[in-house]
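Q: Quick one, input-v5.cif (mmCIF, N, CA and C atoms):
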```cif
data_my_file
loop_
_atom_site.label_atom_id
_atom_site.label_comp_id
_atom_site.auth_asym_id
_atom_site.auth_seq_id
_atom_site.Cartn_x
_atom_site.Cartn_y
_atom_site.Cartn_z
N MET A 1 76.26 92.99 124.31
CA MET A 1 75.97 91.93 123.38
C MET A 1 76.64 90.65 123.87
N SER A 2 75.89 89.61 124.02
CA SER A 2 76.43 88.36 124.54
C SER A 2 77.04 87.55 123.42
N PRO A 3 77.94 86.62 123.75
CA PRO A 3 78.59 85.81 122.71
C PRO A 3 77.61 84.97 121.91
N GLU A 4 76.45 84.63 122.50
CA GLU A 4 75.49 83.79 121.78
C GLU A 4 74.81 84.56 120.65
N THR A 5 74.66 85.89 120.81
CA THR A 5 73.93 86.68 119.81
C THR A 5 74.84 87.29 118.76
N GLU A 6 76.15 87.15 118.90
CA GLU A 6 77.07 87.70 117.90
C GLU A 6 76.96 86.89 116.61
N THR A 7 76.95 87.61 115.49
CA THR A 7 76.91 86.92 114.21
C THR A 7 78.34 86.59 113.80
N PRO A 8 78.57 85.37 113.35
CA PRO A 8 79.94 85.01 112.94
C PRO A 8 80.31 85.71 111.64
N LEU A 9 81.59 85.92 111.47
CA LEU A 9 82.08 86.53 110.23
C LEU A 9 81.98 85.52 109.10
N PRO A 10 81.70 86.00 107.89
CA PRO A 10 81.71 85.07 106.75
C PRO A 10 83.13 84.56 106.53
N PRO A 11 83.27 83.41 105.90
CA PRO A 11 84.61 82.82 105.73
C PRO A 11 85.56 83.72 104.96
N TRP A 12 85.06 84.50 104.01
CA TRP A 12 85.95 85.35 103.21
C TRP A 12 86.48 86.54 104.00
N ALA A 13 85.81 86.89 105.11
CA ALA A 13 86.25 88.04 105.90
C ALA A 13 87.15 87.64 107.05
N ALA A 14 87.28 86.36 107.30
CA ALA A 14 88.06 85.91 108.45
C ALA A 14 89.55 86.15 108.26
N ALA A 15 90.07 85.79 107.12
CA ALA A 15 91.51 85.94 106.89
C ALA A 15 91.74 86.49 105.49
N PRO A 16 92.46 87.59 105.37
CA PRO A 16 92.72 88.14 104.04
C PRO A 16 93.70 87.27 103.27
N VAL A 17 93.50 87.23 101.97
CA VAL A 17 94.39 86.49 101.09
C VAL A 17 95.33 87.49 100.45
N LEU A 18 96.62 87.31 100.64
CA LEU A 18 97.61 88.22 100.09
C LEU A 18 98.26 87.58 98.87
N CYS A 19 98.18 88.28 97.76
CA CYS A 19 98.78 87.78 96.52
C CYS A 19 100.15 88.37 96.27
N HIS A 20 100.50 89.42 96.97
CA HIS A 20 101.79 90.08 96.80
C HIS A 20 102.25 90.58 98.15
N PRO A 21 103.51 90.94 98.28
CA PRO A 21 103.97 91.46 99.57
C PRO A 21 103.18 92.71 99.94
N PRO A 22 102.54 92.74 101.09
CA PRO A 22 101.68 93.87 101.43
C PRO A 22 102.43 95.17 101.63
N TRP A 23 103.70 95.13 101.98
CA TRP A 23 104.43 96.36 102.23
C TRP A 23 104.73 97.12 100.95
N LYS A 24 104.72 96.47 99.79
CA LYS A 24 105.02 97.17 98.53
C LYS A 24 103.93 98.18 98.19
N GLU A 25 102.69 97.84 98.49
CA GLU A 25 101.59 98.72 98.14
C GLU A 25 101.57 99.96 99.03
N PHE A 26 101.84 99.80 100.31
CA PHE A 26 101.71 100.89 101.25
C PHE A 26 103.01 101.63 101.50
N LEU A 27 104.14 100.99 101.24
CA LEU A 27 105.44 101.62 101.47
C LEU A 27 106.28 101.51 100.21
N PRO A 28 105.97 102.33 99.18
CA PRO A 28 106.72 102.21 97.93
C PRO A 28 108.19 102.58 98.07
N HIS A 29 108.55 103.33 99.12
CA HIS A 29 109.94 103.73 99.29
C HIS A 29 110.78 102.63 99.93
N VAL A 30 110.16 101.58 100.44
CA VAL A 30 110.89 100.48 101.05
C VAL A 30 111.37 99.55 99.93
N GLU A 31 112.64 99.28 99.93
CA GLU A 31 113.22 98.46 98.89
C GLU A 31 113.07 96.98 99.22
N ASP A 32 113.16 96.16 98.20
CA ASP A 32 113.13 94.72 98.36
C ASP A 32 114.40 94.29 99.10
N PRO A 33 114.29 93.55 100.20
CA PRO A 33 115.47 93.19 100.96
C PRO A 33 116.45 92.32 100.19
N SER A 34 115.99 91.64 99.15
CA SER A 34 116.88 90.78 98.38
C SER A 34 117.64 91.54 97.30
N ALA A 35 117.40 92.86 97.14
CA ALA A 35 118.07 93.65 96.10
C ALA A 35 119.53 93.87 96.46
N ASP A 36 120.32 94.16 95.44
CA ASP A 36 121.75 94.38 95.59
C ASP A 36 122.00 95.67 96.40
N PRO A 37 122.87 95.62 97.42
CA PRO A 37 123.13 96.82 98.24
C PRO A 37 123.69 98.00 97.44
N SER A 38 124.50 97.74 96.42
CA SER A 38 125.04 98.84 95.63
C SER A 38 123.95 99.55 94.84
N GLN A 39 122.95 98.78 94.38
CA GLN A 39 121.83 99.40 93.68
C GLN A 39 121.01 100.24 94.64
N GLN A 40 120.85 99.76 95.87
CA GLN A 40 120.11 100.53 96.86
C GLN A 40 120.82 101.84 97.18
N GLU A 41 122.14 101.79 97.29
CA GLU A 41 122.92 103.00 97.56
C GLU A 41 122.81 103.98 96.41
N ALA A 42 122.86 103.48 95.18
CA ALA A 42 122.75 104.35 94.01
C ALA A 42 121.38 105.03 93.97
N LYS A 43 120.33 104.27 94.26
CA LYS A 43 118.99 104.85 94.27
C LYS A 43 118.86 105.89 95.39
N GLN A 44 119.48 105.60 96.52
CA GLN A 44 119.42 106.53 97.64
C GLN A 44 120.16 107.83 97.32
N ARG A 45 121.33 107.71 96.67
CA ARG A 45 122.08 108.90 96.27
C ARG A 45 121.28 109.72 95.25
N GLU A 46 120.67 109.04 94.30
CA GLU A 46 119.87 109.74 93.30
C GLU A 46 118.70 110.47 93.96
N ALA A 47 118.05 109.84 94.91
CA ALA A 47 116.94 110.47 95.61
C ALA A 47 117.41 111.68 96.41
N GLU A 48 118.58 111.59 97.02
CA GLU A 48 119.13 112.72 97.77
C GLU A 48 119.44 113.89 96.85
N ILE A 49 120.01 113.59 95.69
CA ILE A 49 120.33 114.65 94.72
C ILE A 49 119.05 115.32 94.23
N ARG A 50 118.02 114.51 93.92
CA ARG A 50 116.74 115.06 93.47
C ARG A 50 116.15 115.96 94.54
N ASN A 51 116.17 115.49 95.79
CA ASN A 51 115.59 116.28 96.88
C ASN A 51 116.36 117.58 97.09
N THR A 52 117.68 117.53 96.94
CA THR A 52 118.49 118.75 97.09
C THR A 52 118.15 119.76 96.01
N ILE A 53 118.06 119.29 94.77
CA ILE A 53 117.73 120.20 93.66
C ILE A 53 116.33 120.78 93.86
N LEU A 54 115.38 119.93 94.23
CA LEU A 54 114.01 120.42 94.41
C LEU A 54 113.91 121.40 95.58
N ALA A 55 114.71 121.17 96.63
CA ALA A 55 114.71 122.10 97.77
C ALA A 55 115.26 123.46 97.36
N GLN A 56 116.20 123.48 96.43
CA GLN A 56 116.76 124.74 95.96
C GLN A 56 115.83 125.45 94.99
N VAL A 57 115.01 124.69 94.27
CA VAL A 57 114.18 125.24 93.21
C VAL A 57 112.79 125.67 93.71
N LEU A 58 112.24 124.95 94.68
CA LEU A 58 110.87 125.21 95.14
C LEU A 58 110.86 125.92 96.48
N ASP A 59 109.87 126.80 96.67
CA ASP A 59 109.70 127.37 98.00
C ASP A 59 108.92 126.38 98.87
N GLN A 60 108.74 126.71 100.13
CA GLN A 60 108.18 125.75 101.09
C GLN A 60 106.76 125.30 100.72
N ALA A 61 105.90 126.24 100.33
CA ALA A 61 104.51 125.90 99.99
C ALA A 61 104.45 125.02 98.75
N ALA A 62 105.28 125.32 97.75
CA ALA A 62 105.30 124.53 96.53
C ALA A 62 105.82 123.12 96.82
N ARG A 63 106.81 123.04 97.68
CA ARG A 63 107.37 121.73 98.06
C ARG A 63 106.31 120.89 98.77
N ALA A 64 105.53 121.52 99.65
CA ALA A 64 104.46 120.80 100.35
C ALA A 64 103.40 120.32 99.37
N ARG A 65 103.04 121.16 98.41
CA ARG A 65 102.04 120.76 97.42
C ARG A 65 102.53 119.59 96.58
N LEU A 66 103.80 119.64 96.19
CA LEU A 66 104.35 118.56 95.38
C LEU A 66 104.42 117.25 96.18
N SER A 67 104.74 117.33 97.45
CA SER A 67 104.78 116.10 98.26
C SER A 67 103.37 115.55 98.47
N ASN A 68 102.36 116.42 98.59
CA ASN A 68 100.98 115.94 98.67
C ASN A 68 100.56 115.27 97.37
N LEU A 69 100.97 115.84 96.25
CA LEU A 69 100.66 115.25 94.96
C LEU A 69 101.32 113.88 94.82
N ALA A 70 102.53 113.75 95.35
CA ALA A 70 103.25 112.48 95.26
C ALA A 70 102.53 111.38 96.03
N LEU A 71 101.81 111.74 97.07
CA LEU A 71 101.06 110.74 97.82
C LEU A 71 99.86 110.23 97.02
N VAL A 72 99.25 111.12 96.25
CA VAL A 72 98.04 110.76 95.52
C VAL A 72 98.36 110.22 94.12
N LYS A 73 99.22 110.93 93.41
CA LYS A 73 99.57 110.54 92.03
C LYS A 73 101.09 110.54 91.88
N PRO A 74 101.74 109.46 92.26
CA PRO A 74 103.20 109.43 92.22
C PRO A 74 103.78 109.60 90.81
N ASP A 75 103.10 109.08 89.80
CA ASP A 75 103.62 109.21 88.43
C ASP A 75 103.62 110.67 87.98
N LYS A 76 102.55 111.37 88.29
CA LYS A 76 102.45 112.77 87.90
C LYS A 76 103.47 113.62 88.66
N ALA A 77 103.64 113.33 89.95
CA ALA A 77 104.62 114.06 90.75
C ALA A 77 106.03 113.82 90.21
N LYS A 78 106.32 112.61 89.81
CA LYS A 78 107.64 112.28 89.26
C LYS A 78 107.87 113.05 87.96
N ALA A 79 106.84 113.15 87.13
CA ALA A 79 106.96 113.89 85.87
C ALA A 79 107.22 115.37 86.14
N VAL A 80 106.53 115.94 87.12
CA VAL A 80 106.72 117.35 87.47
C VAL A 80 108.12 117.55 88.04
N GLU A 81 108.56 116.63 88.89
CA GLU A 81 109.91 116.73 89.45
C GLU A 81 110.96 116.69 88.34
N ASN A 82 110.80 115.77 87.40
CA ASN A 82 111.74 115.68 86.28
C ASN A 82 111.75 116.97 85.46
N TYR A 83 110.57 117.53 85.24
CA TYR A 83 110.45 118.79 84.49
C TYR A 83 111.17 119.92 85.22
N LEU A 84 110.95 120.01 86.53
CA LEU A 84 111.60 121.06 87.32
C LEU A 84 113.12 120.89 87.35
N ILE A 85 113.57 119.66 87.50
CA ILE A 85 115.01 119.41 87.53
C ILE A 85 115.65 119.74 86.19
N GLN A 86 114.97 119.40 85.12
CA GLN A 86 115.49 119.71 83.78
C GLN A 86 115.56 121.23 83.58
N MET A 87 114.52 121.93 84.00
CA MET A 87 114.53 123.39 83.86
C MET A 87 115.65 124.00 84.71
N ALA A 88 115.88 123.46 85.90
CA ALA A 88 116.93 123.98 86.77
C ALA A 88 118.31 123.72 86.17
N ARG A 89 118.51 122.57 85.57
CA ARG A 89 119.81 122.23 85.00
C ARG A 89 120.15 123.12 83.80
N PHE A 90 119.12 123.50 83.05
CA PHE A 90 119.36 124.34 81.88
C PHE A 90 119.25 125.82 82.20
N GLY A 91 119.07 126.17 83.46
CA GLY A 91 119.03 127.57 83.87
C GLY A 91 117.79 128.31 83.43
N GLN A 92 116.68 127.62 83.27
CA GLN A 92 115.45 128.25 82.81
C GLN A 92 114.60 128.78 83.96
N LEU A 93 115.03 128.54 85.20
CA LEU A 93 114.27 129.03 86.35
C LEU A 93 114.97 130.23 86.95
N ALA A 94 114.23 131.30 87.14
CA ALA A 94 114.78 132.49 87.78
C ALA A 94 114.25 132.53 89.21
N GLY A 95 115.04 132.13 90.16
CA GLY A 95 114.61 132.11 91.55
C GLY A 95 113.81 130.87 91.87
N LYS A 96 113.23 130.88 93.06
CA LYS A 96 112.45 129.73 93.50
C LYS A 96 111.05 129.77 92.89
N VAL A 97 110.52 128.60 92.62
CA VAL A 97 109.18 128.47 92.07
C VAL A 97 108.19 128.54 93.23
N SER A 98 107.21 129.43 93.11
CA SER A 98 106.19 129.58 94.15
C SER A 98 105.12 128.51 93.96
N GLU A 99 104.19 128.50 94.89
CA GLU A 99 103.09 127.53 94.79
C GLU A 99 102.26 127.80 93.55
N GLN A 100 102.03 129.07 93.24
CA GLN A 100 101.26 129.41 92.04
C GLN A 100 102.00 128.99 90.78
N GLY A 101 103.32 129.16 90.77
CA GLY A 101 104.11 128.71 89.63
C GLY A 101 104.05 127.20 89.47
N LEU A 102 104.05 126.48 90.59
CA LEU A 102 103.95 125.02 90.53
C LEU A 102 102.58 124.60 90.00
N ILE A 103 101.54 125.32 90.38
CA ILE A 103 100.20 125.01 89.88
C ILE A 103 100.16 125.17 88.37
N GLU A 104 100.79 126.22 87.85
CA GLU A 104 100.84 126.42 86.40
C GLU A 104 101.60 125.29 85.72
N ILE A 105 102.70 124.86 86.33
CA ILE A 105 103.47 123.74 85.77
C ILE A 105 102.63 122.46 85.80
N LEU A 106 101.89 122.25 86.89
CA LEU A 106 101.02 121.08 87.00
C LEU A 106 99.96 121.08 85.90
N GLU A 107 99.42 122.25 85.62
CA GLU A 107 98.41 122.36 84.55
C GLU A 107 99.02 122.03 83.20
N LYS A 108 100.25 122.51 82.95
CA LYS A 108 100.92 122.21 81.68
C LYS A 108 101.17 120.70 81.55
N VAL A 109 101.65 120.09 82.61
CA VAL A 109 101.92 118.65 82.57
C VAL A 109 100.62 117.88 82.39
N SER A 110 99.55 118.33 83.03
CA SER A 110 98.25 117.66 82.90
C SER A 110 97.74 117.73 81.46
N GLN A 111 97.93 118.88 80.83
CA GLN A 111 97.48 119.02 79.45
C GLN A 111 98.29 118.13 78.52
N GLN A 112 99.59 118.00 78.78
CA GLN A 112 100.44 117.20 77.92
C GLN A 112 100.17 115.71 78.10
N THR A 113 99.86 115.30 79.31
CA THR A 113 99.68 113.87 79.58
C THR A 113 98.21 113.47 79.63
N GLU A 114 97.32 114.40 79.27
CA GLU A 114 95.89 114.11 79.33
C GLU A 114 95.55 113.00 78.34
N LYS A 115 94.83 112.03 78.82
CA LYS A 115 94.44 110.92 77.97
C LYS A 115 93.15 111.28 77.24
N LYS A 116 93.15 111.05 75.97
CA LYS A 116 91.97 111.31 75.18
C LYS A 116 91.17 110.01 75.09
N THR A 117 89.93 110.08 75.51
CA THR A 117 89.07 108.91 75.45
C THR A 117 88.12 109.07 74.29
N THR A 118 88.10 108.08 73.44
CA THR A 118 87.19 108.12 72.31
C THR A 118 86.30 106.89 72.38
N VAL A 119 85.06 107.11 72.07
CA VAL A 119 84.09 106.03 72.06
C VAL A 119 83.60 105.88 70.63
N LYS A 120 83.70 104.68 70.12
CA LYS A 120 83.26 104.44 68.76
C LYS A 120 82.10 103.46 68.82
N PHE A 121 80.99 103.87 68.25
CA PHE A 121 79.82 103.02 68.20
C PHE A 121 79.84 102.26 66.89
N ASN A 122 79.75 100.97 66.97
CA ASN A 122 79.69 100.14 65.78
C ASN A 122 78.26 99.61 65.70
N ARG A 123 77.45 100.30 64.94
CA ARG A 123 76.05 99.92 64.85
C ARG A 123 75.88 98.92 63.72
N ARG A 124 75.37 97.80 64.10
CA ARG A 124 75.16 96.75 63.11
C ARG A 124 73.67 96.64 62.81
N LYS A 125 73.39 96.41 61.56
CA LYS A 125 72.00 96.26 61.16
C LYS A 125 71.57 94.85 61.52
N VAL A 126 70.58 94.77 62.37
CA VAL A 126 70.06 93.49 62.81
C VAL A 126 68.68 93.33 62.22
N LEU A 127 68.41 92.15 61.71
CA LEU A 127 67.08 91.91 61.16
C LEU A 127 66.08 91.92 62.31
N ASP A 128 65.14 92.81 62.20
CA ASP A 128 64.13 92.96 63.23
C ASP A 128 62.80 92.55 62.65
N SER A 129 62.15 91.61 63.26
CA SER A 129 60.90 91.09 62.73
C SER A 129 59.78 92.12 62.83
N ASP A 130 59.93 93.13 63.68
CA ASP A 130 58.87 94.15 63.81
C ASP A 130 58.73 94.99 62.55
N GLU A 131 59.84 95.17 61.83
CA GLU A 131 59.80 96.01 60.63
C GLU A 131 58.99 95.35 59.52
N GLU A 132 58.95 94.05 59.51
CA GLU A 132 58.30 93.33 58.41
C GLU A 132 56.84 93.05 58.67
N ASP A 133 56.37 93.33 59.86
CA ASP A 133 54.96 93.04 60.18
C ASP A 133 54.03 93.98 59.44
N ASP A 134 53.00 93.44 58.88
CA ASP A 134 51.94 94.24 58.26
C ASP A 134 50.75 94.21 59.20
N TYR A 135 50.27 95.36 59.51
CA TYR A 135 49.17 95.43 60.47
C TYR A 135 47.89 95.34 59.77
#
```
Would you mind giving the structure from this file in structure tokens?

A:
Amino acid sequence: MSPETETPLPPWAAAPVLCHPPWKEFLPHVEDPSADPSQQEAKQREAEIRNTILAQVLDQAARARLSNLALVKPDKAKAVENYLIQMARFGQLAGKVSEQGLIEILEKVSQQTEKKTTVKFNRRKVLDSDEEDDY
């Protein structure tokens, strides 16, 4: 294809417009560089503690499934992690949770957080000239 026959890009495709820092969307684990270092350390310690507890509570397959879920639905994964950590702290878990056990927990969390969608039709009576016509 010669340069004369190439179609130029439309103006909107030439340069992307960024309204927010692009790294926040793709790298949620990267902290804002202007944040306080002590807060960053506290968050890092908390993450290490969470990971340690989850490593003790989940077997390898369940851990992999939970990390895959965190990539797709981080809020749901965080809720499941909190649930597992709470159960571990209160001694409600006997041994490591298998992948099947994690699936059951995911189903329970899904049922609890399921959003109910309701549609309400508001039908208004509109004067229709067709009803009044006499044939």

Q: For segment 52-64 of chain A, list every protein, DNA or RNA residue within 6 Å, evaluated using all atoms listed in the file, and leave out those in the same chain fewer than 2 positions away; present the list as a list in words.

A: Ala47, Glu48, Ile49, Arg50, Leu66, Ser67, Asn68, Leu69, Gly95, Lys96, Val97, Ser98 and Glu99 of chain A

Q: Taking into account only C-alpha atoms, which residue in the set A:Asp36, A:Met87, A:Gly101, A:Ala42 is nearest to Arg65 of chain A?

A: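 Once distances to Arg65 of chain A are computed over only C-alpha atoms, the minimum belongs to A:Gly101.
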
Q: Return the single residue from A:Val109, A:Ser38, A:Glu46, A:Gln92 that is closest to Val80 of chain A, with distances computed using only N, CA and C atoms.

A: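 So, comparing all the options, the nearest one is A:Val109.
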
Q: One number please: atom N of Phe90 of chain A to atom C of Ala70 of chain A, in Å, one decimal.

A: 24.3 Å

Q: What's the separation between atom CA of Lys78 of chain A and atom CA of Lys43 of chain A, in Å to one decimal place?

A: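 Answer for the atom CA of Lys78 of chain A to atom CA of Lys43 of chain A separation: 14.5 Å.
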
Q: What does the structure give for the distance between atom CA of Val72 of chain A and atom CA of Lys116 of chain A, in Å to one decimal?

A: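 Computed distance, atom CA of Val72 of chain A to atom CA of Lys116 of chain A, equals 21.2 Å.
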